[in-house]
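Asker: The structure is given below, and queries will be raised subsequently.
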Amino acid sequence: MAAGLPAEAQLDGLLRLDPHLEQYSEDLRRRYKKFTNLAKNIEESEGSLDKFSRGFESFGINRQADGGIYCKEWAPGAKSVCLVGEFNGWDTSSHHYRMLQFGKWELHIPPRADGSSPIPHGSKLKVLMGGETGEQLYRISPWARYVTKEQKALSYEWVHWDPPRRYVRKYPHPPRPKSVRIYEAHVGIASPEGRIASYKNFTQNMLVRIKDLGYNCIQLMAIMEHAYYASFGYQVTSFFAASSRYGTPDDLKELVDTAHSMGLVVLLDIVHSHASKNTEDGLNQFDGTDSCFFHSGPRGIHSLWDSRLFNYSNWEVLRFLLSNLRWWVEEYYFDGFRFDGVTSMVYHHHGTGVSFSGDYSEYFGLQVNEDSLVYLILSNHLLHTFYPDFITIAEDVSGMPTLCRPVIEGGAGFDFRLAMAVPDKWIQILKEFKDEDWNMGNIVFTLTNRRYGEKCIAYAESHDQALVGDKTLAFWLMDAEMYTNMSVLTPLTVVVDRGIQLHKMIRLITHALGGEGYLNFIGNEFGHPEWLDFPRKGNNESYHYARRQFNLLDNRLLRYSQLNTFDSDMNKLEEKYSWLAAPPAYVSEKHEGNKVIAFERANLLFVFNFNHQKSFPDYRVGIDLPGKYKMVLDTDAGDYGGHGRLNHNTDFFTNPQPQNNRANSVMIYIPSRTAIILARSDITK
């Protein structure tokens, strides 16, 4: 693989796209050279990147062909290592590892006389470390594949997972979709019941909902095992273990495989930016030292997250993390990753207390952690080489240039980045401005302010906006009236009417203008009320807000179903016209007085009237392509909780009168708080 890489970064195309990067070309070349040198060193020392990134085949515990067990750990600070568990009566003297070079330890356990494994499936295990001063430390292997916790226990326990019959995959990976429409989901909250929902529940009840809504990707959060449920999965303790609070590893495999049978791509929220500080059931102080997988001292601690930070320059840490990526693809069949905390990874300051202005000097120089950046480049190179249709998404708030450009151009190789400024803008608008003070130019700027040639995932709200201390968009819009005035049997109140109309418009303009992909957080498609709060001491361990109330959606006498229908039709229209896969929109109008925004994308005309009072019966909108147009979506339709003021049988004919720098124009009726989409009649069939 490394031999096939160019010796130098190919910057010509990148610099044509963005000449301002010329003064930082040496930084880009150096980053690329560090990546290629690392890739070559791995191949020369380990045989291949493929072998290096399959550490799970030798590290941890693996059953051999003869039924025996091979154990291997990396614990450079340990003075002795032994395996204890139910299989040997927790005997600390019977199964000692042998020390190897470079801090590695190994143990061979022969099969039983009948050829069966000496460690039964489901039995509990621990690695016992002997420390420098003679202390004995019971640890869970970093490579453990299944850990569980009794209800009242303080920590997780390592359980050997080696079932006699494993889940057998039935379906291949679906082809990579042309347009990416992501349903961000948390398995544990995917039920209206006040408890932790299961993988089985998600497979049986959620997949069909997601498919019917027109999403083609599922992004699963909080799958990597985390001891603290309220961490939302971002304080990982066991990196190779699928969270047991939702079910077994086979249950997760069945979920992913069933999604594949429906043509749904499944992405994993991967957390390689930091790790839990837990010692008994985490990576922290695995070998009794402050370092091992992490930087020692203050550099190894994230002060804001109270977690440990990986040492990405360490050979065995690279093996561990790259193997972790391969594990989730090879074992669970995931189709892509959303890399969490990229901003924290790529800067020494971790983005803490830093306000990025967009000045290029912020993205280069000594503040950049090139070790972690090179790790991300290597990860993308590995994933896209071994799995050509794989999707990688960066959660980066800084706007770092080249993050989503190809590796050979000096980029980090991500396919997408999250457009994280967009949801913040919507929350700011709803919190701080009256409807008549909404700034159309500022909305358009926020939705279109992205680097050309670097794809973005747009979203109006995600899990971040739903967390306790904030509220969903629907709740910001309608607040307490969501409890009393959502019935279709009663007239729309002023508050609910405003909320329903703006909820649809905000989501549609974000979908159509904000990026090259779209994301929705579970439940927000139907205007989920309130917020999200996991059980903790501060709420008396309540699950009341740690659930999604699909019962509200399934009650057809409530208006939630109307928002759900709109979301479904919006996604299915995108499937037909592929505006997310089209070049960026041409915005022809952002009229502050009228509160109207108009733009074209994928040969469609989008018109938004955010005016809370005025409808415009004869509004001229500029358009490029002449012809006859039909209305293909109308947020004011009665099925969507609108007022039904538009006739969908109307034909719209352009005329050659220029408008807003477009060669042609069309006259339309655009009611207040309404968005419409027009398509040429020759492509509406």
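Chain identifiers are assigned as A, B, and so on, following the order in which chains appear in the structure tokens; residues are numbered from 1 within each chain, and ligands are numbered from 1 in order of appearance.
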Taking 5 positions as the minimum chain separation for residues in the same chain, which residues sit within 12 Å of segment 535-546 of chain A when counting only C-alpha atoms? Answer as number ranges by chain.

Answerer: A: 186-197, 228-232, 463, 466-468, 471, 522-523, 528-530

Asker: Could you find all residues in segment 275-352 of chain A that DSSP calls strand (DSSP E) from the backbone, and write them as JSON, numbers by chain?

Answerer: {"A": [301, 302, 307, 308, 336, 337, 338, 339]}

Asker: Using only N, CA, C and O atoms, please write the residues we just selected to a file, as a PDB file, in the first residue's frame.

Answerer:
```pdb
ATOM      1  N   ILE A 301      -4.295  14.273  29.939  1.00  0.00           N
ATOM      2  CA  ILE A 301      -5.608  14.490  30.559  1.00  0.00           C
ATOM      3  C   ILE A 301      -6.335  15.616  29.845  1.00  0.00           C
ATOM      4  O   ILE A 301      -5.780  16.697  29.620  1.00  0.00           O
ATOM      5  N   HIS A 302      -7.582  15.365  29.486  1.00  0.00           N
ATOM      6  CA  HIS A 302      -8.442  16.412  28.931  1.00  0.00           C
ATOM      7  C   HIS A 302      -9.161  17.060  30.108  1.00  0.00           C
ATOM      8  O   HIS A 302     -10.046  16.457  30.725  1.00  0.00           O
ATOM      9  N   SER A 307     -10.964  13.149  31.087  1.00  0.00           N
ATOM     10  CA  SER A 307     -10.696  11.854  30.450  1.00  0.00           C
ATOM     11  C   SER A 307      -9.239  11.788  30.026  1.00  0.00           C
ATOM     12  O   SER A 307      -8.499  12.768  30.104  1.00  0.00           O
ATOM     13  N   ARG A 308      -8.807  10.621  29.560  1.00  0.00           N
ATOM     14  CA  ARG A 308      -7.422  10.394  29.168  1.00  0.00           C
ATOM     15  C   ARG A 308      -7.250  10.591  27.662  1.00  0.00           C
ATOM     16  O   ARG A 308      -8.142  10.277  26.868  1.00  0.00           O
ATOM     17  N   GLY A 336     -19.338   2.660   7.830  1.00  0.00           N
ATOM     18  CA  GLY A 336     -18.695   3.962   7.941  1.00  0.00           C
ATOM     19  C   GLY A 336     -18.560   4.372   9.392  1.00  0.00           C
ATOM     20  O   GLY A 336     -19.142   3.765  10.291  1.00  0.00           O
ATOM     21  N   PHE A 337     -17.766   5.421   9.609  1.00  0.00           N
ATOM     22  CA  PHE A 337     -17.543   5.945  10.948  1.00  0.00           C
ATOM     23  C   PHE A 337     -17.771   7.447  10.973  1.00  0.00           C
ATOM     24  O   PHE A 337     -17.392   8.160  10.045  1.00  0.00           O
ATOM     25  N   ARG A 338     -18.359   7.909  12.053  1.00  0.00           N
ATOM     26  CA  ARG A 338     -18.355   9.329  12.387  1.00  0.00           C
ATOM     27  C   ARG A 338     -17.322   9.483  13.501  1.00  0.00           C
ATOM     28  O   ARG A 338     -17.481   8.961  14.584  1.00  0.00           O
ATOM     29  N   PHE A 339     -16.187  10.117  13.201  1.00  0.00           N
ATOM     30  CA  PHE A 339     -15.103  10.276  14.166  1.00  0.00           C
ATOM     31  C   PHE A 339     -15.446  11.413  15.121  1.00  0.00           C
ATOM     32  O   PHE A 339     -15.570  12.574  14.706  1.00  0.00           O
TER      33      PHE A 339
END
```

Asker: Please run DSSP on the backbone and report, as a ChimeraX atom specification, all residues within segment 234-401 of chain A that come out as helix (DSSP H, G or I).

Answerer: /A:244-246,249-261,297-300,315-330,342-346,360-363,370-386

Asker: If we count only C-alpha atoms, what is near Leu403 of chain A at a cut-off of 7 Å, once residues fewer than 6 positions away on the same chain are taken out, given as a VMD selection string?

Answerer: chain A and resid 411 to 414

Asker: Take the residues that were just selected and, keeping N, CA and C atoms, output them as a PDB file, in the first residue's frame.

Answerer:
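Result file follows (out-v7.pdb):
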```pdb
ATOM      1  N   GLY A 411      -4.471  16.242   2.211  1.00  0.00           N
ATOM      2  CA  GLY A 411      -5.653  16.324   3.051  1.00  0.00           C
ATOM      3  C   GLY A 411      -5.711  15.179   4.048  1.00  0.00           C
ATOM      4  N   ALA A 412      -6.728  15.233   4.922  1.00  0.00           N
ATOM      5  CA  ALA A 412      -6.891  14.183   5.930  1.00  0.00           C
ATOM      6  C   ALA A 412      -7.717  13.018   5.409  1.00  0.00           C
ATOM      7  N   GLY A 413      -8.400  13.184   4.273  1.00  0.00           N
ATOM      8  CA  GLY A 413      -9.064  12.064   3.628  1.00  0.00           C
ATOM      9  C   GLY A 413     -10.479  11.768   4.079  1.00  0.00           C
ATOM     10  N   PHE A 414     -11.080  12.624   4.927  1.00  0.00           N
ATOM     11  CA  PHE A 414     -12.474  12.398   5.315  1.00  0.00           C
ATOM     12  C   PHE A 414     -13.400  12.647   4.132  1.00  0.00           C
TER      13      PHE A 414
END
```

Asker: Can you pull out the residues contacting segment 355-360 of chain A? Cut-off 12 Å, using only C-alpha atoms, and skip same-chain residues under 4 positions away; I want them as a PyMOL selection string.

Answerer: chain A and resi 18-25+27+343+347+349-351+364-365+396-402+421+449-451

Asker: Considering only C-alpha atoms, return as a PyMOL selection string whatever protein or nucleic-acid residues lie within 12 Å of Asn324 of chain A, sequence-local ones (same chain, fewer than 4 positions apart) excluded.

Answerer: chain A and resi 52-57+59+142-145+224+238-242+268+270-272+317-320+328-332+337+379+383

Asker: With a distance cut-off of 12 Å and only C-alpha atoms, select the neighbouring residues of Ile210 of chain A, excluding the residue or stretch itself and same-chain residues fewer than 4 positions from it, and output the selection as number ranges by chain.

Answerer: A: 181-185, 190, 202-206, 214-219, 259, 262-266, 520-523, 525, 564, 567-568, 571-572

Asker: Just write the chosen residues, N, CA, C and O atoms, as a short mmCIF file (atom, residue, chain, number, x, y, z; two decimals), in the first residue's frame.

Answerer:
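Generated file (result.cif):
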```
data_model
loop_
_atom_site.label_atom_id
_atom_site.label_comp_id
_atom_site.auth_asym_id
_atom_site.auth_seq_id
_atom_site.Cartn_x
_atom_site.Cartn_y
_atom_site.Cartn_z
N ARG A 181 -28.35 10.60 3.58
CA ARG A 181 -29.38 11.11 4.50
C ARG A 181 -29.32 10.26 5.76
O ARG A 181 -29.71 9.09 5.77
N ILE A 182 -28.82 10.86 6.84
CA ILE A 182 -28.44 10.11 8.04
C ILE A 182 -29.48 10.25 9.14
O ILE A 182 -29.91 11.36 9.46
N TYR A 183 -29.84 9.11 9.71
CA TYR A 183 -30.70 9.08 10.89
C TYR A 183 -29.80 8.75 12.08
O TYR A 183 -29.35 7.62 12.25
N GLU A 184 -29.50 9.76 12.89
CA GLU A 184 -28.64 9.58 14.06
C GLU A 184 -29.48 8.99 15.20
O GLU A 184 -30.52 9.54 15.56
N ALA A 185 -29.03 7.87 15.74
CA ALA A 185 -29.86 7.15 16.70
C ALA A 185 -29.06 6.63 17.87
O ALA A 185 -27.87 6.32 17.76
N ALA A 190 -34.44 4.36 22.14
CA ALA A 190 -35.31 4.18 20.97
C ALA A 190 -36.62 3.47 21.33
O ALA A 190 -37.04 2.52 20.66
N PHE A 202 -34.60 -2.23 18.48
CA PHE A 202 -34.23 -1.36 17.36
C PHE A 202 -34.41 -2.09 16.03
O PHE A 202 -34.93 -1.53 15.06
N THR A 203 -33.99 -3.35 16.00
CA THR A 203 -34.12 -4.15 14.78
C THR A 203 -35.58 -4.32 14.39
O THR A 203 -35.95 -4.16 13.22
N GLN A 204 -36.41 -4.63 15.37
CA GLN A 204 -37.80 -4.96 15.08
C GLN A 204 -38.69 -3.74 14.88
O GLN A 204 -39.64 -3.79 14.10
N ASN A 205 -38.38 -2.63 15.57
CA ASN A 205 -39.29 -1.49 15.57
C ASN A 205 -38.76 -0.23 14.91
O ASN A 205 -39.54 0.56 14.38
N MET A 206 -37.44 -0.02 14.95
CA MET A 206 -36.90 1.23 14.44
C MET A 206 -36.49 1.18 12.98
O MET A 206 -36.64 2.16 12.25
N GLY A 214 -37.37 7.55 4.60
CA GLY A 214 -36.55 7.91 3.46
C GLY A 214 -35.09 8.15 3.78
O GLY A 214 -34.33 8.63 2.93
N TYR A 215 -34.67 7.83 5.00
CA TYR A 215 -33.24 7.91 5.31
C TYR A 215 -32.54 6.68 4.75
O TYR A 215 -33.13 5.60 4.70
N ASN A 216 -31.30 6.86 4.32
CA ASN A 216 -30.56 5.71 3.77
C ASN A 216 -29.33 5.35 4.59
O ASN A 216 -28.63 4.39 4.26
N CYS A 217 -29.06 6.10 5.65
CA CYS A 217 -27.95 5.82 6.55
C CYS A 217 -28.43 5.90 7.99
O CYS A 217 -29.23 6.79 8.32
N ILE A 218 -27.93 5.00 8.82
CA ILE A 218 -28.18 5.08 10.26
C ILE A 218 -26.84 5.31 10.93
O ILE A 218 -25.86 4.63 10.64
N GLN A 219 -26.78 6.28 11.82
CA GLN A 219 -25.57 6.53 12.60
C GLN A 219 -25.85 6.14 14.04
O GLN A 219 -26.67 6.78 14.71
N ALA A 259 -30.50 -4.21 8.73
CA ALA A 259 -30.47 -2.91 8.07
C ALA A 259 -29.92 -3.05 6.65
O ALA A 259 -30.46 -2.46 5.70
N MET A 262 -32.32 -4.13 4.08
CA MET A 262 -33.26 -3.08 3.69
C MET A 262 -32.58 -1.99 2.87
O MET A 262 -33.20 -0.97 2.54
N GLY A 263 -31.29 -2.20 2.55
CA GLY A 263 -30.54 -1.21 1.78
C GLY A 263 -30.04 -0.04 2.59
O GLY A 263 -29.61 0.97 2.03
N LEU A 264 -30.08 -0.16 3.93
CA LEU A 264 -29.63 0.91 4.80
C LEU A 264 -28.16 0.75 5.15
O LEU A 264 -27.72 -0.32 5.57
N VAL A 265 -27.40 1.82 4.99
CA VAL A 265 -26.00 1.87 5.39
C VAL A 265 -25.94 2.19 6.88
O VAL A 265 -26.72 3.00 7.38
N VAL A 266 -25.02 1.56 7.60
CA VAL A 266 -24.94 1.76 9.05
C VAL A 266 -23.56 2.32 9.41
O VAL A 266 -22.53 1.72 9.11
N ASN A 520 -30.45 13.85 10.84
CA ASN A 520 -31.55 14.07 11.78
C ASN A 520 -31.34 13.19 13.00
O ASN A 520 -30.97 12.03 12.88
N PHE A 521 -31.59 13.74 14.18
CA PHE A 521 -31.48 12.96 15.41
C PHE A 521 -32.82 12.30 15.74
O PHE A 521 -33.88 12.92 15.61
N ILE A 522 -32.76 11.07 16.19
CA ILE A 522 -33.92 10.24 16.45
C ILE A 522 -35.04 10.99 17.18
O ILE A 522 -34.83 11.58 18.24
N GLY A 523 -36.21 11.00 16.58
CA GLY A 523 -37.39 11.62 17.16
C GLY A 523 -37.64 13.04 16.71
O GLY A 523 -38.78 13.51 16.71
N GLU A 525 -37.59 14.21 13.81
CA GLU A 525 -38.34 14.26 12.56
C GLU A 525 -39.81 14.56 12.80
O GLU A 525 -40.49 15.15 11.94
N ASN A 564 -44.01 14.25 10.79
CA ASN A 564 -43.35 13.01 10.36
C ASN A 564 -43.58 12.76 8.87
O ASN A 564 -42.66 12.38 8.13
N ASP A 567 -41.39 15.08 6.85
CA ASP A 567 -40.00 14.65 6.85
C ASP A 567 -39.79 13.51 5.86
O ASP A 567 -38.81 13.50 5.12
N SER A 568 -40.72 12.59 5.83
CA SER A 568 -40.64 11.46 4.91
C SER A 568 -40.70 11.93 3.46
O SER A 568 -39.89 11.52 2.63
N ASN A 571 -37.44 13.72 2.36
CA ASN A 571 -36.35 12.79 2.06
C ASN A 571 -36.58 12.05 0.75
O ASN A 571 -35.64 11.84 -0.03
N LYS A 572 -37.80 11.64 0.52
CA LYS A 572 -38.09 10.89 -0.71
C LYS A 572 -37.98 11.77 -1.94
O LYS A 572 -37.63 11.29 -3.03
#
```

Asker: Work out how far atom CA of Ala78 of chain A is from atom CA of Asp290 of chain A, in Å to one decimal.

Answerer: 11.8 Å

Asker: Would you mind telling me which residue in A:Ser48, A:Thr289, A:Asn201, A:Ser361 lies nearest to Glu254 of chain A when using only C-alpha atoms?

Answerer: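 Looking at the shortest contact to Glu254 of chain A, the residue is A:Asn201.
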
Asker: Which residues come within 9 Å of Asp682 of chain A, counting only C-alpha atoms, excluding same-chain residues fewer than 6 positions away, as a list in words?

Answerer: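 After dropping sequence-adjacent residues, the list is Gly627, Lys628 and Tyr629 of chain A.
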
Asker: Just the number, please: distance in Å from atom CA of Ala394 of chain A to atom CA of Ser344 of chain A, one decimal.

Answerer: 11.4 Å

Asker: Smallest atom-to-atom distance to Met505 of chain A: which of A:Asp470, A:Asp533, A:Glu436, A:Asp636, using only C-alpha atoms?

Answerer: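 The answer is A:Asp636, which sits nearest to Met505 of chain A.
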
Asker: Closest to Ile223 of chain A among A:Lys178, A:Arg673, A:Arg245, A:Lys630, using only C-alpha atoms?

Answerer: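 Among the listed residues, the smallest separation from Ile223 of chain A belongs to A:Arg245.
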